[in-house]
file upload-v4.cif (mmCIF, C-alpha atoms (C1' of nucleotides))
data_final
#
loop_
_atom_site.label_atom_id
_atom_site.label_comp_id
_atom_site.auth_asym_id
_atom_site.auth_seq_id
_atom_site.Cartn_x
_atom_site.Cartn_y
_atom_site.Cartn_z
CA MET A 1 -1.20 37.28 1.18
CA VAL A 2 -2.93 37.64 -2.16
CA GLY A 3 -4.47 34.50 -3.56
CA VAL A 4 -5.81 33.08 -0.32
CA ARG A 5 -6.30 29.40 0.38
CA ARG A 6 -9.86 28.40 -0.28
CA PHE A 7 -10.19 25.37 2.00
CA ASP A 8 -10.04 24.94 5.75
CA GLU A 9 -6.71 23.35 6.59
CA ALA A 10 -7.93 21.90 9.88
CA GLU A 11 -10.81 20.24 8.08
CA VAL A 12 -8.47 18.80 5.49
CA ALA A 13 -6.34 17.41 8.31
CA ASP A 14 -9.38 15.81 9.92
CA ARG A 15 -10.70 14.24 6.75
CA ALA A 16 -7.28 12.99 5.76
CA MET A 17 -6.87 11.59 9.28
CA GLU A 18 -10.10 9.66 8.94
CA ARG A 19 -9.11 8.31 5.57
CA PHE A 20 -5.61 7.19 6.64
CA TRP A 21 -6.98 5.80 9.89
CA ARG A 22 -9.56 3.64 8.16
CA HIS A 23 -7.54 2.48 5.18
CA GLY A 24 -3.88 2.89 6.05
CA TRP A 25 -0.99 4.67 4.44
CA GLU A 26 -0.28 2.66 1.32
CA ALA A 27 -3.94 2.00 0.56
CA THR A 28 -4.61 5.74 0.40
CA THR A 29 -3.85 7.55 -2.85
CA MET A 30 -3.78 11.24 -3.58
CA ALA A 31 -7.03 10.75 -5.47
CA ASP A 32 -8.55 9.20 -2.32
CA LEU A 33 -7.41 12.19 -0.30
CA ALA A 34 -8.89 14.55 -2.86
CA ALA A 35 -12.20 12.72 -2.66
CA ALA A 36 -12.12 12.58 1.14
CA THR A 37 -11.26 16.25 1.61
CA GLY A 38 -13.12 17.76 -1.31
CA VAL A 39 -9.92 19.48 -2.39
CA GLN A 40 -8.62 18.76 -5.87
CA ARG A 41 -5.53 16.67 -6.27
CA GLY A 42 -3.58 19.50 -7.86
CA SER A 43 -4.42 21.80 -4.97
CA LEU A 44 -3.18 19.24 -2.48
CA TYR A 45 0.10 18.96 -4.36
CA ASN A 46 0.35 22.72 -4.46
CA ALA A 47 -0.41 23.15 -0.78
CA TYR A 48 1.46 20.23 0.75
CA GLY A 49 3.71 18.72 -1.88
CA GLY A 50 2.61 15.13 -1.57
CA LYS A 51 1.14 12.36 0.54
CA ALA A 52 3.70 12.19 3.35
CA PRO A 53 3.30 15.81 4.49
CA ILE A 54 -0.46 15.31 4.60
CA LEU A 55 -0.08 12.22 6.73
CA MET A 56 2.25 14.04 9.07
CA MET A 57 -0.25 16.86 9.42
CA ALA A 58 -2.95 14.28 10.13
CA LEU A 59 -0.72 12.60 12.72
CA ASP A 60 -0.19 15.91 14.48
CA ALA A 61 -3.94 16.55 14.53
CA TYR A 62 -4.44 13.03 15.82
CA ALA A 63 -2.00 13.48 18.68
CA ALA A 64 -3.51 16.84 19.55
CA ARG A 65 -6.96 15.33 19.77
CA TRP A 66 -6.07 13.08 22.73
CA ARG A 67 -3.63 15.39 24.45
CA PRO A 68 -6.16 17.05 26.78
CA GLY A 69 -7.43 13.70 28.00
CA ILE A 70 -3.93 12.44 28.64
CA GLN A 71 -2.94 15.55 30.52
CA ALA A 72 -6.07 15.32 32.63
CA ALA A 73 -5.20 11.71 33.39
CA LEU A 74 -1.72 12.69 34.50
CA ALA A 75 -3.14 15.28 36.85
CA LYS A 76 -4.36 12.56 39.19
CA PRO A 77 -2.09 12.04 42.19
CA GLU A 78 -2.42 8.27 42.46
CA PRO A 79 -0.60 6.38 39.70
CA SER A 80 -3.24 3.67 39.54
CA ASP A 81 -5.90 6.31 38.90
CA ALA A 82 -3.72 8.12 36.42
CA MET A 83 -2.82 5.04 34.43
CA ALA A 84 -6.43 3.88 34.44
CA ALA A 85 -7.47 7.25 33.06
CA PHE A 86 -4.65 7.13 30.52
CA LEU A 87 -5.86 3.78 29.20
CA GLU A 88 -9.44 5.03 29.36
CA VAL A 89 -8.61 7.73 26.82
CA HIS A 90 -7.70 5.01 24.36
CA ILE A 91 -10.69 2.86 25.29
CA GLU A 92 -13.11 5.69 24.73
CA ARG A 93 -11.60 6.43 21.37
CA MET A 94 -12.05 2.80 20.33
CA ALA A 95 -15.52 2.60 21.83
CA ASP A 96 -16.74 5.49 19.71
CA PRO A 97 -18.35 3.93 16.65
CA ALA A 98 -17.72 7.11 14.69
CA ASN A 99 -14.00 6.36 14.80
CA PRO A 100 -12.28 3.78 12.64
CA PRO A 101 -11.05 0.78 14.64
CA GLY A 102 -7.61 0.63 16.15
CA CYS A 103 -5.23 3.56 16.30
CA LEU A 104 -3.85 5.67 13.47
CA ALA A 105 -0.44 6.14 15.08
CA THR A 106 -0.09 2.42 15.78
CA MET A 107 -1.04 1.54 12.24
CA VAL A 108 1.41 4.00 10.76
CA ALA A 109 4.11 2.77 13.12
CA MET A 110 3.72 -0.73 11.72
CA GLU A 111 3.34 0.32 8.12
CA ALA A 112 5.90 3.08 7.76
CA GLY A 113 9.29 1.64 7.01
CA GLU A 114 12.47 2.74 5.39
CA ALA A 115 10.41 3.99 2.48
CA GLU A 116 9.21 7.03 4.43
CA PRO A 117 11.89 7.98 6.93
CA SER A 118 10.30 11.32 7.75
CA VAL A 119 7.09 9.58 8.78
CA ALA A 120 8.95 6.98 10.82
CA GLU A 121 10.83 9.75 12.61
CA LEU A 122 7.63 11.58 13.45
CA ILE A 123 6.05 8.43 14.85
CA ASP A 124 9.15 7.73 16.90
CA ALA A 125 9.05 11.27 18.26
CA GLN A 126 5.35 11.08 19.07
CA PHE A 127 5.77 7.80 20.92
CA THR A 128 8.76 9.16 22.81
CA ARG A 129 6.80 12.23 23.80
CA THR A 130 4.04 10.20 25.39
CA GLU A 131 6.54 7.94 27.11
CA ASP A 132 8.33 10.96 28.50
CA LEU A 133 5.08 12.42 29.80
CA LEU A 134 4.28 9.20 31.60
CA GLU A 135 7.80 8.75 32.88
CA SER A 136 8.05 12.19 34.40
CA TYR A 137 4.60 11.82 35.92
CA LEU A 138 5.60 8.49 37.46
CA ALA A 139 8.94 9.82 38.68
CA ARG A 140 7.17 12.69 40.39
CA ALA A 141 4.55 10.37 41.87
CA GLN A 142 7.40 8.24 43.14
CA SER A 143 9.18 11.12 44.83
CA ASP A 144 5.83 12.17 46.29
CA GLY A 145 5.49 8.77 47.85
CA TRP A 146 2.66 7.45 45.67
CA LEU A 147 4.81 4.81 44.01
CA ASP A 148 7.13 2.18 45.45
CA PRO A 149 10.70 3.55 45.24
CA ALA A 150 11.84 0.22 43.89
CA ARG A 151 9.79 0.63 40.72
CA ASN A 152 11.32 1.91 37.49
CA PRO A 153 9.35 4.88 36.13
CA GLN A 154 10.84 4.61 32.68
CA ALA A 155 10.06 0.92 32.30
CA LEU A 156 6.56 1.50 33.62
CA ALA A 157 6.00 4.33 31.17
CA LEU A 158 7.13 2.12 28.30
CA PHE A 159 4.86 -0.61 29.56
CA PHE A 160 1.75 1.55 29.62
CA VAL A 161 2.40 3.06 26.23
CA GLY A 162 3.09 -0.45 24.99
CA ILE A 163 -0.11 -1.90 26.35
CA SER A 164 -2.10 0.95 24.84
CA ARG A 165 -0.67 0.00 21.44
CA GLY A 166 -1.36 -3.65 22.09
CA MET A 167 -4.95 -2.80 22.90
CA ALA A 168 -5.25 -1.04 19.56
CA VAL A 169 -3.90 -4.06 17.70
CA MET A 170 -6.26 -6.40 19.49
CA HIS A 171 -9.16 -4.07 18.82
CA LYS A 172 -8.48 -4.00 15.13
CA ALA A 173 -7.68 -7.69 14.84
CA HIS A 174 -10.84 -8.73 16.63
CA GLY A 175 -13.28 -6.75 14.59
CA GLY A 176 -13.57 -3.79 16.92
CA SER A 177 -14.49 -5.63 20.10
CA ILE A 178 -14.38 -3.23 23.00
CA GLN A 179 -14.90 -5.87 25.68
CA ILE A 180 -11.57 -7.41 24.80
CA VAL A 181 -9.87 -4.06 25.13
CA ARG A 182 -11.41 -3.44 28.54
CA LYS A 183 -10.28 -6.80 29.83
CA ILE A 184 -6.73 -6.12 28.72
CA ALA A 185 -6.71 -2.74 30.41
CA SER A 186 -8.00 -4.12 33.68
CA GLU A 187 -5.23 -6.73 33.79
CA ALA A 188 -2.61 -4.19 32.80
CA LEU A 189 -3.45 -2.05 35.80
CA ARG A 190 -2.40 -4.88 38.07
CA ALA A 191 1.18 -4.23 37.04
CA LEU A 192 1.21 -1.27 39.36
CA MET B 1 0.83 -35.35 -11.29
CA VAL B 2 2.45 -34.71 -14.64
CA GLY B 3 4.00 -31.30 -15.02
CA VAL B 4 5.49 -31.02 -11.58
CA ARG B 5 6.05 -27.79 -9.72
CA ARG B 6 9.58 -26.57 -10.18
CA PHE B 7 10.06 -24.50 -7.03
CA ASP B 8 10.06 -25.35 -3.33
CA GLU B 9 6.79 -24.14 -1.86
CA ALA B 10 8.18 -23.87 1.65
CA GLU B 11 11.00 -21.69 0.38
CA VAL B 12 8.54 -19.47 -1.48
CA ALA B 13 6.55 -19.13 1.74
CA ASP B 14 9.69 -18.14 3.64
CA ARG B 15 10.86 -15.58 1.11
CA ALA B 16 7.41 -14.10 0.75
CA MET B 17 7.18 -13.95 4.55
CA GLU B 18 10.41 -12.00 4.72
CA ARG B 19 9.25 -9.60 2.03
CA PHE B 20 5.83 -8.94 3.58
CA TRP B 21 7.36 -8.72 7.04
CA ARG B 22 9.87 -6.08 6.03
CA HIS B 23 7.74 -4.01 3.68
CA GLY B 24 4.12 -4.71 4.54
CA TRP B 25 1.15 -5.89 2.56
CA GLU B 26 0.33 -2.93 0.33
CA ALA B 27 3.93 -2.04 -0.33
CA THR B 28 4.58 -5.49 -1.77
CA THR B 29 3.65 -6.13 -5.39
CA MET B 30 3.52 -9.37 -7.29
CA ALA B 31 6.67 -8.25 -9.06
CA ASP B 32 8.35 -7.83 -5.67
CA LEU B 33 7.29 -11.33 -4.69
CA ALA B 34 8.62 -12.69 -7.95
CA ALA B 35 11.96 -11.01 -7.31
CA ALA B 36 12.04 -12.16 -3.68
CA THR B 37 11.18 -15.76 -4.42
CA GLY B 38 12.91 -16.20 -7.75
CA VAL B 39 9.64 -17.49 -9.20
CA GLN B 40 8.20 -15.68 -12.20
CA ARG B 41 5.11 -13.60 -11.75
CA GLY B 42 3.06 -15.74 -14.08
CA SER B 43 4.00 -18.86 -12.16
CA LEU B 44 2.91 -17.28 -8.90
CA TYR B 45 -0.45 -16.41 -10.43
CA ASN B 46 -0.75 -19.93 -11.76
CA ALA B 47 0.19 -21.56 -8.47
CA TYR B 48 -1.60 -19.33 -5.96
CA GLY B 49 -3.96 -17.06 -7.84
CA GLY B 50 -2.84 -13.75 -6.40
CA LYS B 51 -1.24 -11.84 -3.58
CA ALA B 52 -3.64 -12.63 -0.75
CA PRO B 53 -3.23 -16.41 -0.89
CA ILE B 54 0.53 -15.96 -0.80
CA LEU B 55 0.28 -13.75 2.26
CA MET B 56 -1.96 -16.27 3.97
CA MET B 57 0.52 -19.02 3.24
CA ALA B 58 3.28 -16.81 4.65
CA LEU B 59 1.19 -16.11 7.75
CA ASP B 60 0.72 -19.82 8.32
CA ALA B 61 4.44 -20.41 7.98
CA TYR B 62 5.05 -17.52 10.35
CA ALA B 63 2.73 -18.92 13.01
CA ALA B 64 4.25 -22.37 12.64
CA ARG B 65 7.72 -20.97 13.18
CA TRP B 66 6.99 -19.88 16.77
CA ARG B 67 4.60 -22.64 17.73
CA PRO B 68 7.22 -24.96 19.26
CA GLY B 69 8.59 -22.20 21.47
CA ILE B 70 5.14 -21.25 22.66
CA GLN B 71 4.21 -24.81 23.43
CA ALA B 72 7.42 -25.27 25.34
CA ALA B 73 6.63 -22.13 27.31
CA LEU B 74 3.20 -23.45 28.19
CA ALA B 75 4.69 -26.67 29.48
CA LYS B 76 6.05 -24.86 32.52
CA PRO B 77 3.92 -25.38 35.63
CA GLU B 78 4.27 -21.91 37.12
CA PRO B 79 2.34 -19.24 35.23
CA SER B 80 5.01 -16.61 35.86
CA ASP B 81 7.62 -18.88 34.27
CA ALA B 82 5.32 -19.77 31.43
CA MET B 83 4.35 -16.20 30.61
CA ALA B 84 7.97 -15.09 30.85
CA ALA B 85 8.91 -17.79 28.37
CA PHE B 86 5.97 -16.86 26.15
CA LEU B 87 7.16 -13.27 25.97
CA GLU B 88 10.73 -14.45 25.53
CA VAL B 89 9.76 -16.17 22.29
CA HIS B 90 8.76 -12.78 20.91
CA ILE B 91 11.80 -11.06 22.36
CA GLU B 92 14.18 -13.52 20.79
CA ARG B 93 12.51 -13.09 17.45
CA MET B 94 12.95 -9.34 17.66
CA ALA B 95 16.49 -9.60 18.98
CA ASP B 96 17.57 -11.62 15.96
CA PRO B 97 19.06 -9.11 13.52
CA ALA B 98 18.30 -11.46 10.65
CA ASN B 99 14.60 -10.82 11.17
CA PRO B 100 12.80 -7.68 10.07
CA PRO B 101 11.69 -5.53 13.01
CA GLY B 102 8.32 -5.92 14.64
CA CYS B 103 5.95 -8.75 13.92
CA LEU B 104 4.41 -9.80 10.62
CA ALA B 105 1.07 -10.80 12.12
CA THR B 106 0.79 -7.55 14.04
CA MET B 107 1.57 -5.53 10.95
CA VAL B 108 -0.96 -7.37 8.85
CA ALA B 109 -3.54 -7.03 11.62
CA MET B 110 -3.18 -3.26 11.45
CA GLU B 111 -2.97 -3.03 7.69
CA ALA B 112 -5.58 -5.55 6.57
CA GLY B 113 -8.98 -3.97 6.50
CA GLU B 114 -12.24 -4.48 4.75
CA ALA B 115 -10.34 -4.67 1.49
CA GLU B 116 -9.08 -8.18 2.27
CA PRO B 117 -11.65 -9.93 4.42
CA SER B 118 -10.03 -13.34 4.01
CA VAL B 119 -6.78 -12.02 5.42
CA ALA B 120 -8.52 -10.26 8.29
CA GLU B 121 -10.33 -13.47 9.13
CA LEU B 122 -7.12 -15.46 9.16
CA ILE B 123 -5.46 -12.95 11.46
CA ASP B 124 -8.44 -13.00 13.78
CA ALA B 125 -8.31 -16.79 13.87
CA GLN B 126 -4.56 -16.86 14.52
CA PHE B 127 -4.89 -14.39 17.37
CA THR B 128 -7.79 -16.32 18.84
CA ARG B 129 -5.82 -19.53 18.65
CA THR B 130 -2.97 -18.12 20.71
CA GLU B 131 -5.37 -16.58 23.19
CA ASP B 132 -7.11 -19.91 23.58
CA LEU B 133 -3.82 -21.69 24.16
CA LEU B 134 -2.91 -19.25 26.90
CA GLU B 135 -6.36 -19.28 28.42
CA SER B 136 -6.58 -23.03 28.71
CA TYR B 137 -3.05 -23.13 30.10
CA LEU B 138 -3.96 -20.53 32.73
CA ALA B 139 -7.25 -22.21 33.57
CA ARG B 140 -5.42 -25.47 34.14
CA ALA B 141 -2.74 -23.77 36.20
CA GLN B 142 -5.49 -22.19 38.23
CA SER B 143 -7.23 -25.47 38.95
CA ASP B 144 -3.83 -26.93 39.81
CA GLY B 145 -3.39 -24.23 42.39
CA TRP B 146 -0.64 -22.26 40.66
CA LEU B 147 -2.85 -19.22 40.06
CA ASP B 148 -5.08 -17.23 42.40
CA PRO B 149 -8.65 -18.50 41.92
CA ALA B 150 -9.84 -14.90 41.80
CA ARG B 151 -7.94 -14.23 38.59
CA ASN B 152 -9.62 -14.38 35.20
CA PRO B 153 -7.74 -16.72 32.84
CA GLN B 154 -9.38 -15.32 29.73
CA ALA B 155 -8.59 -11.72 30.58
CA LEU B 156 -5.03 -12.67 31.47
CA ALA B 157 -4.62 -14.52 28.19
CA LEU B 158 -5.85 -11.49 26.27
CA PHE B 159 -3.50 -9.32 28.27
CA PHE B 160 -0.42 -11.36 27.46
CA VAL B 161 -1.23 -11.66 23.79
CA GLY B 162 -1.95 -7.94 23.82
CA ILE B 163 1.33 -6.99 25.44
CA SER B 164 3.22 -9.17 22.97
CA ARG B 165 1.65 -7.14 20.16
CA GLY B 166 2.40 -3.90 21.96
CA MET B 167 6.02 -4.96 22.27
CA ALA B 168 6.14 -5.50 18.52
CA VAL B 169 4.72 -2.05 17.83
CA MET B 170 7.19 -0.41 20.19
CA HIS B 171 10.05 -2.37 18.65
CA LYS B 172 9.18 -1.22 15.17
CA ALA B 173 8.40 2.36 16.18
CA HIS B 174 11.65 2.76 18.06
CA GLY B 175 13.98 1.59 15.37
CA GLY B 176 14.36 -1.96 16.57
CA SER B 177 15.43 -1.29 20.12
CA ILE B 178 15.44 -4.52 22.07
CA GLN B 179 16.09 -2.92 25.46
CA ILE B 180 12.74 -1.19 25.28
CA VAL B 181 11.04 -4.48 24.57
CA ARG B 182 12.73 -6.18 27.49
CA LYS B 183 11.68 -3.45 29.88
CA ILE B 184 8.08 -3.74 28.78
CA ALA B 185 8.11 -7.50 29.24
CA SER B 186 9.56 -7.27 32.72
CA GLU B 187 6.82 -4.89 33.81
CA ALA B 188 4.13 -6.98 32.16
CA LEU B 189 5.10 -9.98 34.23
CA ARG B 190 4.18 -8.08 37.39
CA ALA B 191 0.55 -8.37 36.34
CA LEU B 192 0.61 -11.95 37.57
"C1'" DC C 1 9.80 -43.59 -26.40
"C1'" DA C 2 5.53 -41.02 -27.15
"C1'" DC C 3 1.48 -39.08 -24.89
"C1'" DG C 4 -1.14 -36.05 -22.08
"C1'" DT C 5 -1.09 -32.86 -18.51
"C1'" DT C 6 0.81 -29.19 -15.91
"C1'" DT C 7 4.02 -25.63 -15.25
"C1'" DT C 8 6.86 -22.00 -16.96
"C1'" DT C 9 7.76 -18.08 -19.66
"C1'" DG C 10 7.46 -13.69 -21.87
"C1'" DA C 11 4.41 -10.58 -23.66
"C1'" DC C 12 0.18 -8.03 -23.92
"C1'" DA C 13 -3.57 -4.69 -23.11
"C1'" DA C 14 -6.07 -2.30 -19.52
"C1'" DC C 15 -6.02 0.30 -15.66
"C1'" DA C 16 -4.33 3.11 -11.74
"C1'" DA C 17 -1.38 6.49 -9.73
"C1'" DC C 18 2.02 9.86 -10.03
"C1'" DG C 19 3.94 14.47 -10.58
"C1'" DT C 20 3.78 18.56 -13.46
"C1'" DC C 21 2.05 22.43 -15.98
"C1'" DA C 22 -0.30 26.22 -18.23
"C1'" DA C 23 -4.43 28.59 -18.22
"C1'" DA C 24 -8.20 30.39 -15.47
"C1'" DA C 25 -10.01 32.20 -11.25
"C1'" DA C 26 -9.69 34.62 -7.03
"C1'" DT C 27 -8.36 38.22 -3.99
"C1'" DA C 28 -5.47 41.67 -1.16
"C1'" DA C 29 -3.13 45.73 -1.87
"C1'" DA C 30 -2.00 49.84 -4.44
"C1'" DT D 1 -10.33 49.76 -10.53
"C1'" DT D 2 -6.19 47.93 -11.74
"C1'" DT D 3 -2.26 45.13 -10.58
"C1'" DA D 4 0.41 41.46 -8.67
"C1'" DT D 5 0.43 37.18 -6.60
"C1'" DT D 6 -1.39 32.88 -5.25
"C1'" DT D 7 -4.58 29.22 -5.67
"C1'" DT D 8 -7.51 26.32 -8.38
"C1'" DT D 9 -8.53 23.48 -12.12
"C1'" DG D 10 -8.34 20.08 -15.68
"C1'" DA D 11 -5.40 17.76 -18.51
"C1'" DC D 12 -1.14 15.55 -19.95
"C1'" DG D 13 2.51 12.07 -20.41
"C1'" DT D 14 5.01 8.73 -17.64
"C1'" DT D 15 5.44 4.99 -14.91
"C1'" DG D 16 4.02 0.97 -12.30
"C1'" DT D 17 0.72 -2.81 -11.52
"C1'" DT D 18 -2.58 -5.95 -12.68
"C1'" DG D 19 -4.54 -10.14 -14.63
"C1'" DT D 20 -4.51 -13.04 -18.67
"C1'" DC D 21 -2.97 -15.80 -22.47
"C1'" DA D 22 -0.71 -18.66 -25.94
"C1'" DA D 23 3.36 -20.91 -26.90
"C1'" DA D 24 7.18 -23.51 -25.09
"C1'" DA D 25 9.18 -26.52 -21.76
"C1'" DA D 26 9.10 -30.15 -18.32
"C1'" DC D 27 7.82 -34.48 -16.64
"C1'" DG D 28 5.13 -38.80 -14.94
"C1'" DT D 29 2.65 -42.45 -17.04
"C1'" DG D 30 1.56 -45.96 -20.16
#
call {"tool": "encode", "arguments": {"input": "upload-v4.cif", "output": "structure tokens"}}
result
Amino acid sequence: MVGVRRFDEAEVADRAMERFWRHGWEATTMADLAAATGVQRGSLYNAYGGKAPILMMALDAYAARWRPGIQAALAKPEPSDAMAAFLEVHIERMADPANPPGCLATMVAMEAGEAEPSVAELIDAQFTRTEDLLESYLARAQSDGWLDPARNPQALALFFVGISRGMAVMHKAHGGSIQIVRKIASEALRAL
Amino acid sequence: MVGVRRFDEAEVADRAMERFWRHGWEATTMADLAAATGVQRGSLYNAYGGKAPILMMALDAYAARWRPGIQAALAKPEPSDAMAAFLEVHIERMADPANPPGCLATMVAMEAGEAEPSVAELIDAQFTRTEDLLESYLARAQSDGWLDPARNPQALALFFVGISRGMAVMHKAHGGSIQIVRKIASEALRAL
DNA sequence: CACGTTTTTGACAACAACGTCAAAAATAAA
DNA sequence: TTTATTTTTGACGTTGTTGTCAAAAACGTG
């Protein structure tokens, strides 16, 4: 390696994440990303090739940021505890005033259409990954006797991922109210 | 009225709705709206003033389209029937292949930020309206003895509106799968 | 029918964003 | 220290989008 990259890639990912999260995909231009990251537009093109690869990098960083919390949640034996902790990860993210409202992945899921198939595929894969984590946790909890054998782990996993996305939409739509989000979560836990 | 408007305003609202619904707010230009509606760009500026008023008109038409179904759902005495019918309105919308995937209001809620305060306010108001409808229905059902007096009608209303938005996100993220949406709804109804 | 008002139309200039490129700068390795 | 390779930088032309405007067309009213 001869001419070495001058900027910190992880920091670029974080700043780009913040920018996309707060303003969305279409409302963010390469010039905005240059301003947000402090890296010149030409360098971003040289390093990543365009806007979509930067978003995908930001989405990966975003998913990685919550992964420890989710895995800790799924270490709890009782499903009601685990699902409460799972939702709490999202609540804490929304409660932190340093974060933009809502959820980056949810926003991109709604915004990314046929125009950016690679982004849509990544979102699909990220959602599926979380659903699979929850489903296998719930299936194990079921075989360990913590969950009624009549319940459907897959449907429950979809439900909890779904309600976490719904909470993000409500958070954003209602001006960042965290009380609303907490109320939704508490009702959702009665599904168990 | 002398020089009378040459196009059907309701039809413009419908075509604009379809365009915004399928492609989103930022990804739709005035030229796109002109092409979608068959009305020239200049005429749209003359009639509405810009893109945001057209979106707001489309959002009103969108809300009006599902209002009868929701009111019919809330005519059912038993809350479990009513909430099932409420969610079914959304499911049927997503199951119709003629409709774009997801939900226009949910998409705009995620996409509209500080850049378009008037749009964000309208979305907030539309969400609140539905929540209020559900809350007063549930409060009445509760006083009529159909719902456990220990339950919180407001929190339940927020939950059901929230899960309907979550269903829309999951629908869009997973390429329009309706089975996923149905599974989520069936689990959500166990919260009652 | 003629008038006055409004809409429609096509065009315009200004601005924003894109993607590329050649020259300059930086640095690891020889 | 020189060389080879990569990144950085600023600028360029192209394209797309915006908002406006004046002329033309349409139409209800008198």
call {"tool": "closest_residue", "arguments": {"input": "upload-v4.cif", "among": "B:Arg6, B:Arg140, B:Arg182, B:Lys76", "to": "chain A", "atoms": "all atoms listed in the file"}}
result
B:Arg182
call {"tool": "residues_around", "arguments": {"input": "upload-v4.cif", "residues": "DC3 of chain C", "least_positions_apart": "2", "cutoff": "10 Å", "atoms": "only C-alpha atoms (C1' of nucleotides)", "output": "ChimeraX atom specification"}}
result
/C:1,5 /D:29-30
call {"tool": "resolve_selection", "arguments": {"input": "upload-v4.cif", "expression": "the PyMOL selection byres ((chain C) within 9 of (chain A))", "output": "list in words"}}
result
DA17, DC18, DG19, DA26, DT27, DA28 and DA29 of chain C
call {"tool": "resolve_selection", "arguments": {"input": "upload-v4.cif", "expression": "the PyMOL selection byres ((chain D) within 9 of (chain B))", "output": "list in words"}}
result
DT17, DT18, DG19, DA26, DC27, DG28 and DT29 of chain D
call {"tool": "axis_aligned_box", "arguments": {"input": "upload-v4.cif", "around": "segment 9-25 of chain D", "padding_each_side": "8 Å", "output": "AutoDock Vina command-line options"}}
result
--center_x 0.3 --center_y -1.5 --center_z -19.2 --size_x 33.7 --size_y 66.0 --size_z 31.4
call {"tool": "interface_residues", "arguments": {"input": "upload-v4.cif", "of": "chain A", "to": "chain B", "cutoff": "6 Å", "atoms": "all atoms listed in the file", "output": "VMD selection string"}}
result
chain A and resid 26 107 109 to 110 124 155 158 to 159 162 to 163 165 to 166 173 to 174 183 to 184 190 to 191
call {"tool": "residues_near_point", "arguments": {"input": "upload-v4.cif", "point": "(1.2, 10.0, 35.8)", "cutoff": "9 Å", "atoms": "all atoms listed in the file", "output": "JSON, numbers by chain"}}
result
{"A": [71, 73, 74, 75, 76, 77, 78, 79, 80, 81, 82, 83, 86, 133, 134, 135, 136, 137, 138, 139, 140, 141, 157]}
call {"tool": "atom_distance", "arguments": {"input": "upload-v4.cif", "atom1": "atom CA of Glu9 of chain B", "atom2": "atom C1' of DG10 of chain C"}}
result
22.6 Å
call {"tool": "atom_distance", "arguments": {"input": "upload-v4.cif", "atom1": "atom CA of Glu116 of chain B", "atom2": "atom CA of Ala98 of chain A"}}
result
21.5 Å
call {"tool": "atom_distance", "arguments": {"input": "upload-v4.cif", "atom1": "atom CA of Pro153 of chain B", "atom2": "atom CA of Ser177 of chain A"}}
result
18.2 Å
call {"tool": "resolve_selection", "arguments": {"input": "upload-v4.cif", "expression": "the PyMOL selection byres ((chain A and resi 10) around 12)", "output": "list in words"}}
result
Phe7, Asp8, Glu9, Glu11, Val12, Ala13, Asp14, Arg15, Ala16, Met17, Thr37, Ile54, Met57, Ala58, Asp60, Ala61, Tyr62, Ala64 and Arg65 of chain A
call {"tool": "write_last_selection", "arguments": {"input": "upload-v4.cif", "atoms": "C-alpha atoms", "output": "PDB file, keeping the file's coordinate frame"}}
result
ATOM      1  CA  PHE A   7     -10.190  25.370   2.000  1.00  0.00           C
ATOM      2  CA  ASP A   8     -10.040  24.940   5.750  1.00  0.00           C
ATOM      3  CA  GLU A   9      -6.710  23.350   6.590  1.00  0.00           C
ATOM      4  CA  GLU A  11     -10.810  20.240   8.080  1.00  0.00           C
ATOM      5  CA  VAL A  12      -8.470  18.800   5.490  1.00  0.00           C
ATOM      6  CA  ALA A  13      -6.340  17.410   8.310  1.00  0.00           C
ATOM      7  CA  ASP A  14      -9.380  15.810   9.920  1.00  0.00           C
ATOM      8  CA  ARG A  15     -10.700  14.240   6.750  1.00  0.00           C
ATOM      9  CA  ALA A  16      -7.280  12.990   5.760  1.00  0.00           C
ATOM     10  CA  MET A  17      -6.870  11.590   9.280  1.00  0.00           C
ATOM     11  CA  THR A  37     -11.260  16.250   1.610  1.00  0.00           C
ATOM     12  CA  ILE A  54      -0.460  15.310   4.600  1.00  0.00           C
ATOM     13  CA  MET A  57      -0.250  16.860   9.420  1.00  0.00           C
ATOM     14  CA  ALA A  58      -2.950  14.280  10.130  1.00  0.00           C
ATOM     15  CA  ASP A  60      -0.190  15.910  14.480  1.00  0.00           C
ATOM     16  CA  ALA A  61      -3.940  16.550  14.530  1.00  0.00           C
ATOM     17  CA  TYR A  62      -4.440  13.030  15.820  1.00  0.00           C
ATOM     18  CA  ALA A  64      -3.510  16.840  19.550  1.00  0.00           C
ATOM     19  CA  ARG A  65      -6.960  15.330  19.770  1.00  0.00           C
TER      20      ARG A  65
END
call {"tool": "residues_around", "arguments": {"input": "upload-v4.cif", "residues": "DA22 of chain C", "least_positions_apart": "4", "cutoff": "12 Å", "atoms": "all atoms listed in the file", "output": "PyMOL selection string"}}
result
chain D and resi 9-12
call {"tool": "residues_near_point", "arguments": {"input": "upload-v4.cif", "point": "(0.7, -15.3, -23.9)", "cutoff": "8 Å", "atoms": "only C-alpha atoms (C1' of nucleotides)", "output": "CSV table (one decimal) with C-alpha atoms (C1' of nucleotides), keeping the file's coordinate frame"}}
result
chain,number,residue,atom,x,y,z
C,10,DG,C1',7.5,-13.7,-21.9
C,11,DA,C1',4.4,-10.6,-23.7
C,12,DC,C1',0.2,-8.0,-23.9
D,20,DT,C1',-4.5,-13.0,-18.7
D,21,DC,C1',-3.0,-15.8,-22.5
D,22,DA,C1',-0.7,-18.7,-25.9
D,23,DA,C1',3.4,-20.9,-26.9
